[in-house]
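The next block holds one structure in the form of C-alpha cells; read it before the comments.
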Amino acid sequence: MALSATPYKVDINLTDLDHGVYETLRFTVARHPSETEERMTARLLAYVLWYSETLAFGRGLSDVDEPALWEKSLDGRLLHWIEVGLPDAERITWCSRRAERVSLLAYGRVDMWESKVLPSVASLKNVHVAGLPQEALATIAKDLPRAINWAVMISEGSLFITDEQGQHEITPQWLLRDR
C-alpha cells in the first residue's frame, strides 16, 4: 500500500515591510511521504519570501516537471518558478528555460553545493539564489505541528517568525542576485 501525503493547515500573518505586503494567508499544504520537515519548512519560507496573490504550490516531489512553487499569468505563461533544496546545474538551467524568473531557496550543505553549481549558472540572468542558514531552518522545522500558525515579518531581508515555540530570526544569504 502506498503512503499518502500528510495535510498541514497553515495560517500565516504576513507583514513584508520590504515590499509593502500585509496579508493573512490560510491554506492547506500537502507534505509528500518522502519529504522532510526541513523541506516542508523551506517551501513555506519560500512562499512568504516571494509571496504574490497568484503564487501556488506545485507538486514538487510528486512530479519532477513541476517546481515547489510557481506563479502563472492568466494566459498560462510561467512567470516565476521557485525551487527549494540543492538542485544540480542542469536542473536550474532547465527551469530557467521554462520561466521568466527562477528563484531557488537552497538549504542543507549550501557551502559545498555553492562552489560546484553556482559558477555553472551564474550567467543565467533570470536565476536568483538564496541560501538558508541550516541551524535556523532546523530550529523552525523541528516538531512542525500539523496546524501551523505563524506570524512572519520581513524587514531588511530578515524573516522574523513567531510560532508556538517563540520567535525565530532567519536571514537568507543571497548567493546570486537578490530577491
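Just so we're on the same page: first chain in the C-alpha cells is A, next is B, and so on; residues restart at 1 for each chain, and ligands are numbered from 1 in the order they show up.
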Query raised in the report: Which residues come within 8 Å of A:Leu118, counting only C-alpha atoms, excluding same-chain residues fewer than 4 positions away, as an NGL selection string?
Result: :A and (89 or 113-114 or 122 or 176)
Query raised in the report: Counting only C-alpha atoms, what is within 9 Å of A:Arg101, bar same-chain residues fewer than 3 positions away, as number ranges by chain?
Result: A: 78-82, 95-96, 98, 125-128
Just write the chosen residues, N, CA and C atoms, as a JSON list (two decimals), in the first residue's frame.
[["chain", "number", "residue", "atom", "x", "y", "z"],
["A", 78, "LEU", "N", 4.52, 30.96, -17.64],
["A", 78, "LEU", "CA", 5.16, 30.69, -16.36],
["A", 78, "LEU", "C", 6.01, 31.90, -15.98],
["A", 79, "LEU", "N", 5.53, 32.68, -15.02],
["A", 79, "LEU", "CA", 6.20, 33.91, -14.62],
["A", 79, "LEU", "C", 7.34, 33.66, -13.63],
["A", 80, "HIS", "N", 7.09, 32.79, -12.65],
["A", 80, "HIS", "CA", 8.07, 32.59, -11.57],
["A", 80, "HIS", "C", 8.09, 31.12, -11.18],
["A", 81, "TRP", "N", 9.25, 30.52, -11.26],
["A", 81, "TRP", "CA", 9.47, 29.11, -10.90],
["A", 81, "TRP", "C", 10.33, 29.13, -9.65],
["A", 82, "ILE", "N", 9.88, 28.51, -8.57],
["A", 82, "ILE", "CA", 10.62, 28.52, -7.31],
["A", 82, "ILE", "C", 10.95, 27.10, -6.90],
["A", 95, "CYS", "N", 15.05, 24.73, -15.72],
["A", 95, "CYS", "CA", 13.99, 25.60, -15.15],
["A", 95, "CYS", "C", 14.05, 27.00, -15.76],
["A", 96, "SER", "N", 15.26, 27.52, -15.94],
["A", 96, "SER", "CA", 15.42, 28.89, -16.45],
["A", 96, "SER", "C", 14.89, 29.04, -17.87],
["A", 98, "ARG", "N", 12.14, 27.61, -18.89],
["A", 98, "ARG", "CA", 10.70, 27.47, -18.84],
["A", 98, "ARG", "C", 9.97, 28.64, -18.20],
["A", 125, "LYS", "N", 20.62, 35.02, -16.48],
["A", 125, "LYS", "CA", 20.17, 36.31, -15.94],
["A", 125, "LYS", "C", 18.85, 36.25, -15.17],
["A", 126, "ASN", "N", 18.05, 35.21, -15.38],
["A", 126, "ASN", "CA", 16.75, 35.13, -14.72],
["A", 126, "ASN", "C", 16.78, 34.24, -13.47],
["A", 127, "VAL", "N", 17.96, 33.86, -13.01],
["A", 127, "VAL", "CA", 18.08, 32.97, -11.85],
["A", 127, "VAL", "C", 18.55, 33.76, -10.63],
["A", 128, "HIS", "N", 17.84, 33.56, -9.51],
["A", 128, "HIS", "CA", 18.14, 34.21, -8.24],
["A", 128, "HIS", "C", 18.26, 33.11, -7.19]]
Give one line per residue of stretch 83-144 of chain A that approaches stretch 152-164 of chain A to at most 12 Å, naming the two atoms of the closest pair and their distance in Å to one decimal, counting only C-alpha atoms; sort by chain then ascending residue number and deliver it as a Markdown table.
| residue | atom | partner | partner_atom | distance |
| --- | --- | --- | --- | --- |
| A:Ala130 | CA | A:Gly157 | CA | 10.8 |
| A:Leu132 | CA | A:Ser158 | CA | 10.8 |
| A:Pro133 | CA | A:Ser158 | CA | 11.6 |
| A:Ala136 | CA | A:Ile161 | CA | 10.8 |
| A:Leu137 | CA | A:Ile161 | CA | 11.1 |
| A:Thr139 | CA | A:Ile161 | CA | 11.2 |
| A:Ile140 | CA | A:Ile161 | CA | 8.5 |
| A:Ala141 | CA | A:Asp163 | CA | 11.0 |
| A:Lys142 | CA | A:Asp163 | CA | 11.8 |
| A:Asp143 | CA | A:Glu164 | CA | 10.9 |
| A:Leu144 | CA | A:Asp163 | CA | 10.1 |
Requested in this report: Report the residues of stretch 4-179 of chain A whose backbone DSSP state falls under helix (DSSP H, G or I), written as a PyMOL selection string.
Outcome: chain A and resi 37-49+60-62+89-96+110-121+134-141
Give me, as a tab-separated table, each residue of stretch 80-120 of chain A that comes within 8 Å of stretch 39-49 of chain A, together with its shortest interatomic pair and the distance in Å at one decimal, counting only C-alpha atoms, with rows ordered by chain and rising residue number.
residue	atom	partner	partner_atom	distance
A:Ile82	CA	A:Ala46	CA	7.6
A:Val84	CA	A:Arg43	CA	6.5
A:Gly85	CA	A:Arg39	CA	7.2
A:Leu105	CA	A:Ala46	CA	6.5
A:Tyr107	CA	A:Ala42	CA	7.7
Query - For A:Gly131: contacts at 9 Å, only C-alpha atoms, fewer than 3 positions along chain excluded, given as a VMD selection string - result: chain A and resid 104 to 108 110 134 171 to 175
With all heavy atoms retained, export the selected residues as a short mmCIF file (atom, residue, chain, number, x, y, z; two decimals), in the first residue's frame.
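Once everything was written out, this is selection_11.cif:
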data_model
loop_
_atom_site.label_atom_id
_atom_site.label_comp_id
_atom_site.auth_asym_id
_atom_site.auth_seq_id
_atom_site.Cartn_x
_atom_site.Cartn_y
_atom_site.Cartn_z
N LEU A 104 15.62 30.18 -6.24
CA LEU A 104 15.99 28.97 -5.52
C LEU A 104 16.27 29.33 -4.08
O LEU A 104 17.04 30.25 -3.80
CB LEU A 104 17.23 28.33 -6.16
CG LEU A 104 17.90 27.22 -5.36
CD1 LEU A 104 16.97 26.02 -5.20
CD2 LEU A 104 19.20 26.81 -6.02
N LEU A 105 15.63 28.61 -3.17
CA LEU A 105 15.92 28.74 -1.74
C LEU A 105 16.69 27.48 -1.36
O LEU A 105 16.12 26.41 -1.20
CB LEU A 105 14.62 28.88 -0.95
CG LEU A 105 14.76 29.37 0.49
CD1 LEU A 105 15.52 30.70 0.56
CD2 LEU A 105 13.40 29.52 1.14
N ALA A 106 18.01 27.63 -1.27
CA ALA A 106 18.90 26.50 -1.01
C ALA A 106 19.03 26.27 0.49
O ALA A 106 19.09 27.22 1.27
CB ALA A 106 20.27 26.76 -1.63
N TYR A 107 19.08 25.00 0.88
CA TYR A 107 19.31 24.65 2.28
C TYR A 107 20.06 23.34 2.32
O TYR A 107 20.10 22.59 1.35
CB TYR A 107 18.00 24.57 3.07
CG TYR A 107 17.14 23.39 2.69
CD1 TYR A 107 17.24 22.18 3.37
CD2 TYR A 107 16.24 23.48 1.64
CE1 TYR A 107 16.46 21.10 3.01
CE2 TYR A 107 15.46 22.40 1.28
CZ TYR A 107 15.58 21.21 1.96
OH TYR A 107 14.82 20.13 1.60
N GLY A 108 20.68 23.04 3.43
CA GLY A 108 21.48 21.83 3.57
C GLY A 108 22.95 22.21 3.50
O GLY A 108 23.37 23.21 4.08
N VAL A 110 24.90 23.96 1.74
CA VAL A 110 24.94 25.03 0.75
C VAL A 110 26.37 25.39 0.38
O VAL A 110 26.67 25.66 -0.79
CB VAL A 110 24.16 26.28 1.24
CG1 VAL A 110 24.28 27.42 0.26
CG2 VAL A 110 22.70 25.93 1.49
N GLN A 134 21.41 26.64 7.96
CA GLN A 134 20.90 25.32 8.31
C GLN A 134 20.40 25.23 9.75
O GLN A 134 19.36 24.65 10.02
CB GLN A 134 21.97 24.25 8.05
CG GLN A 134 21.46 22.84 8.23
CD GLN A 134 20.30 22.49 7.31
OE1 GLN A 134 20.22 22.97 6.18
NE2 GLN A 134 19.39 21.67 7.78
N THR A 171 17.88 34.81 8.29
CA THR A 171 18.29 35.75 7.26
C THR A 171 18.90 34.99 6.09
O THR A 171 20.00 34.45 6.21
CB THR A 171 19.31 36.77 7.81
OG1 THR A 171 18.74 37.42 8.95
CG2 THR A 171 19.69 37.80 6.77
N PRO A 172 18.18 34.91 4.98
CA PRO A 172 18.74 34.24 3.81
C PRO A 172 19.97 35.00 3.31
O PRO A 172 20.01 36.23 3.33
CB PRO A 172 17.62 34.32 2.77
CG PRO A 172 16.38 34.63 3.54
CD PRO A 172 16.82 35.39 4.75
N GLN A 173 20.96 34.25 2.87
CA GLN A 173 22.16 34.84 2.29
C GLN A 173 21.99 34.80 0.78
O GLN A 173 21.81 33.72 0.20
CB GLN A 173 23.40 34.07 2.71
CG GLN A 173 24.66 34.60 2.08
CD GLN A 173 25.86 33.71 2.34
OE1 GLN A 173 25.77 32.65 2.93
NE2 GLN A 173 27.01 34.14 1.85
N TRP A 174 22.05 35.95 0.14
CA TRP A 174 21.85 36.00 -1.31
C TRP A 174 23.15 35.62 -1.99
O TRP A 174 24.16 36.28 -1.86
CB TRP A 174 21.34 37.37 -1.74
CG TRP A 174 19.94 37.51 -1.26
CD1 TRP A 174 19.52 38.11 -0.11
CD2 TRP A 174 18.78 36.91 -1.85
NE1 TRP A 174 18.16 37.93 0.02
CE2 TRP A 174 17.69 37.21 -1.02
CE3 TRP A 174 18.59 36.18 -3.01
CZ2 TRP A 174 16.40 36.78 -1.32
CZ3 TRP A 174 17.30 35.75 -3.29
CH2 TRP A 174 16.22 36.07 -2.46
N LEU A 175 23.10 34.50 -2.71
CA LEU A 175 24.27 33.95 -3.37
C LEU A 175 24.36 34.36 -4.83
O LEU A 175 25.45 34.40 -5.40
CB LEU A 175 24.23 32.41 -3.27
CG LEU A 175 24.06 31.84 -1.86
CD1 LEU A 175 23.84 30.35 -1.91
CD2 LEU A 175 25.26 32.19 -1.01
#
Report task. For stretch 5-12 of chain A, list every protein, DNA or RNA residue within 9 Å, evaluated using only C-alpha atoms, and leave out those in the same chain fewer than 4 positions away; present the list as a VMD selection string. Result -> chain A and resid 23 to 34 48 145 to 152
Suppose we keep N, CA, C and O atoms; can you now write the selection as an mmCIF file, in the first residue's frame?
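File produced: part_13.cif:
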data_model
loop_
_atom_site.group_PDB
_atom_site.id
_atom_site.type_symbol
_atom_site.label_atom_id
_atom_site.label_comp_id
_atom_site.auth_asym_id
_atom_site.auth_seq_id
_atom_site.Cartn_x
_atom_site.Cartn_y
_atom_site.Cartn_z
ATOM 1 N N GLU A 23 -0.732 40.560 4.575
ATOM 2 C CA GLU A 23 -1.746 39.571 4.230
ATOM 3 C C GLU A 23 -1.945 38.569 5.358
ATOM 4 O O GLU A 23 -1.014 38.250 6.089
ATOM 5 N N THR A 24 -3.162 38.069 5.447
ATOM 6 C CA THR A 24 -3.459 36.918 6.287
ATOM 7 C C THR A 24 -3.690 35.755 5.338
ATOM 8 O O THR A 24 -4.599 35.803 4.507
ATOM 9 N N LEU A 25 -2.842 34.747 5.430
ATOM 10 C CA LEU A 25 -2.862 33.625 4.489
ATOM 11 C C LEU A 25 -3.358 32.379 5.200
ATOM 12 O O LEU A 25 -2.827 32.011 6.251
ATOM 13 N N ARG A 26 -4.350 31.733 4.627
ATOM 14 C CA ARG A 26 -4.882 30.477 5.174
ATOM 15 C C ARG A 26 -4.989 29.473 4.029
ATOM 16 O O ARG A 26 -5.642 29.751 3.030
ATOM 17 N N PHE A 27 -4.333 28.343 4.192
ATOM 18 C CA PHE A 27 -4.360 27.330 3.147
ATOM 19 C C PHE A 27 -3.953 25.984 3.741
ATOM 20 O O PHE A 27 -3.487 25.891 4.871
ATOM 21 N N THR A 28 -4.148 24.954 2.950
ATOM 22 C CA THR A 28 -3.713 23.614 3.314
ATOM 23 C C THR A 28 -2.618 23.221 2.336
ATOM 24 O O THR A 28 -2.735 23.454 1.137
ATOM 25 N N VAL A 29 -1.559 22.649 2.857
ATOM 26 C CA VAL A 29 -0.461 22.194 2.010
ATOM 27 C C VAL A 29 -0.189 20.725 2.337
ATOM 28 O O VAL A 29 -0.314 20.312 3.490
ATOM 29 N N ALA A 30 0.139 19.964 1.309
ATOM 30 C CA ALA A 30 0.403 18.536 1.494
ATOM 31 C C ALA A 30 1.905 18.289 1.605
ATOM 32 O O ALA A 30 2.693 18.866 0.864
ATOM 33 N N ARG A 31 2.262 17.424 2.531
ATOM 34 C CA ARG A 31 3.653 17.009 2.690
ATOM 35 C C ARG A 31 3.790 15.601 2.120
ATOM 36 O O ARG A 31 3.151 14.665 2.593
ATOM 37 N N HIS A 32 4.593 15.477 1.083
ATOM 38 C CA HIS A 32 4.840 14.196 0.422
ATOM 39 C C HIS A 32 5.439 13.214 1.443
ATOM 40 O O HIS A 32 6.196 13.621 2.332
ATOM 41 N N PRO A 33 5.124 11.925 1.357
ATOM 42 C CA PRO A 33 5.653 10.948 2.328
ATOM 43 C C PRO A 33 7.182 10.943 2.438
ATOM 44 O O PRO A 33 7.724 10.686 3.505
ATOM 45 N N SER A 34 7.885 11.271 1.350
ATOM 46 C CA SER A 34 9.347 11.280 1.402
ATOM 47 C C SER A 34 9.929 12.652 1.741
ATOM 48 O O SER A 34 11.142 12.808 1.806
ATOM 49 N N VAL A 48 6.408 32.700 1.650
ATOM 50 C CA VAL A 48 6.281 34.048 2.218
ATOM 51 C C VAL A 48 7.324 34.999 1.645
ATOM 52 O O VAL A 48 7.058 36.186 1.470
ATOM 53 N N PRO A 145 4.168 21.367 13.723
ATOM 54 C CA PRO A 145 2.812 20.883 14.026
ATOM 55 C C PRO A 145 1.964 20.765 12.763
ATOM 56 O O PRO A 145 2.238 21.399 11.753
ATOM 57 N N ARG A 146 0.927 19.958 12.818
ATOM 58 C CA ARG A 146 0.028 19.788 11.671
ATOM 59 C C ARG A 146 -0.837 21.031 11.444
ATOM 60 O O ARG A 146 -1.357 21.233 10.353
ATOM 61 N N ALA A 147 -1.006 21.848 12.469
ATOM 62 C CA ALA A 147 -1.695 23.134 12.339
ATOM 63 C C ALA A 147 -0.647 24.219 12.587
ATOM 64 O O ALA A 147 -0.293 24.506 13.726
ATOM 65 N N ILE A 148 -0.129 24.789 11.506
ATOM 66 C CA ILE A 148 0.949 25.770 11.588
ATOM 67 C C ILE A 148 0.331 27.152 11.712
ATOM 68 O O ILE A 148 -0.491 27.552 10.881
ATOM 69 N N ASN A 149 0.739 27.872 12.724
ATOM 70 C CA ASN A 149 0.250 29.222 12.953
ATOM 71 C C ASN A 149 1.466 30.127 13.151
ATOM 72 O O ASN A 149 2.088 30.112 14.206
ATOM 73 N N TRP A 150 1.798 30.890 12.113
ATOM 74 C CA TRP A 150 2.965 31.764 12.145
ATOM 75 C C TRP A 150 2.561 33.218 11.951
ATOM 76 O O TRP A 150 1.639 33.530 11.211
ATOM 77 N N ALA A 151 3.311 34.076 12.602
ATOM 78 C CA ALA A 151 3.315 35.499 12.279
ATOM 79 C C ALA A 151 4.701 35.747 11.705
ATOM 80 O O ALA A 151 5.706 35.458 12.357
ATOM 81 N N VAL A 152 4.755 36.218 10.459
ATOM 82 C CA VAL A 152 6.033 36.428 9.785
ATOM 83 C C VAL A 152 6.167 37.897 9.425
ATOM 84 O O VAL A 152 5.289 38.470 8.770
#
Report task. Rank nothing, just name the residue among A:Glu83, A:Pro119, A:Ala138, A:Arg59 nearest to A:Glu37, using only C-alpha atoms. Result ->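 When distances to A:Glu37 are compared using only C-alpha atoms, the smallest one comes from A:Ala138.
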Query raised in the report: Separation of atom CA of A:Asp16 and atom CA of A:Ser103, in Å?
Result: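 Interatomic distance here is 17.9 Å.
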**Report entry** From A:Arg109, A:Asp88, A:Pro67, A:Ile170, residue lying nearest A:Val121 [only C-alpha atoms]
**Finding:**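 With only C-alpha atoms as the atom set, the closest residue is A:Asp88.
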**Report entry** Which of stretch 5-161 of chain A fall in strand (DSSP E), as a PyMOL selection string
**Finding:** chain A and resi 6-16+21-31+55-57+69-72+78-84+101-106+127-131+147-155+158-161
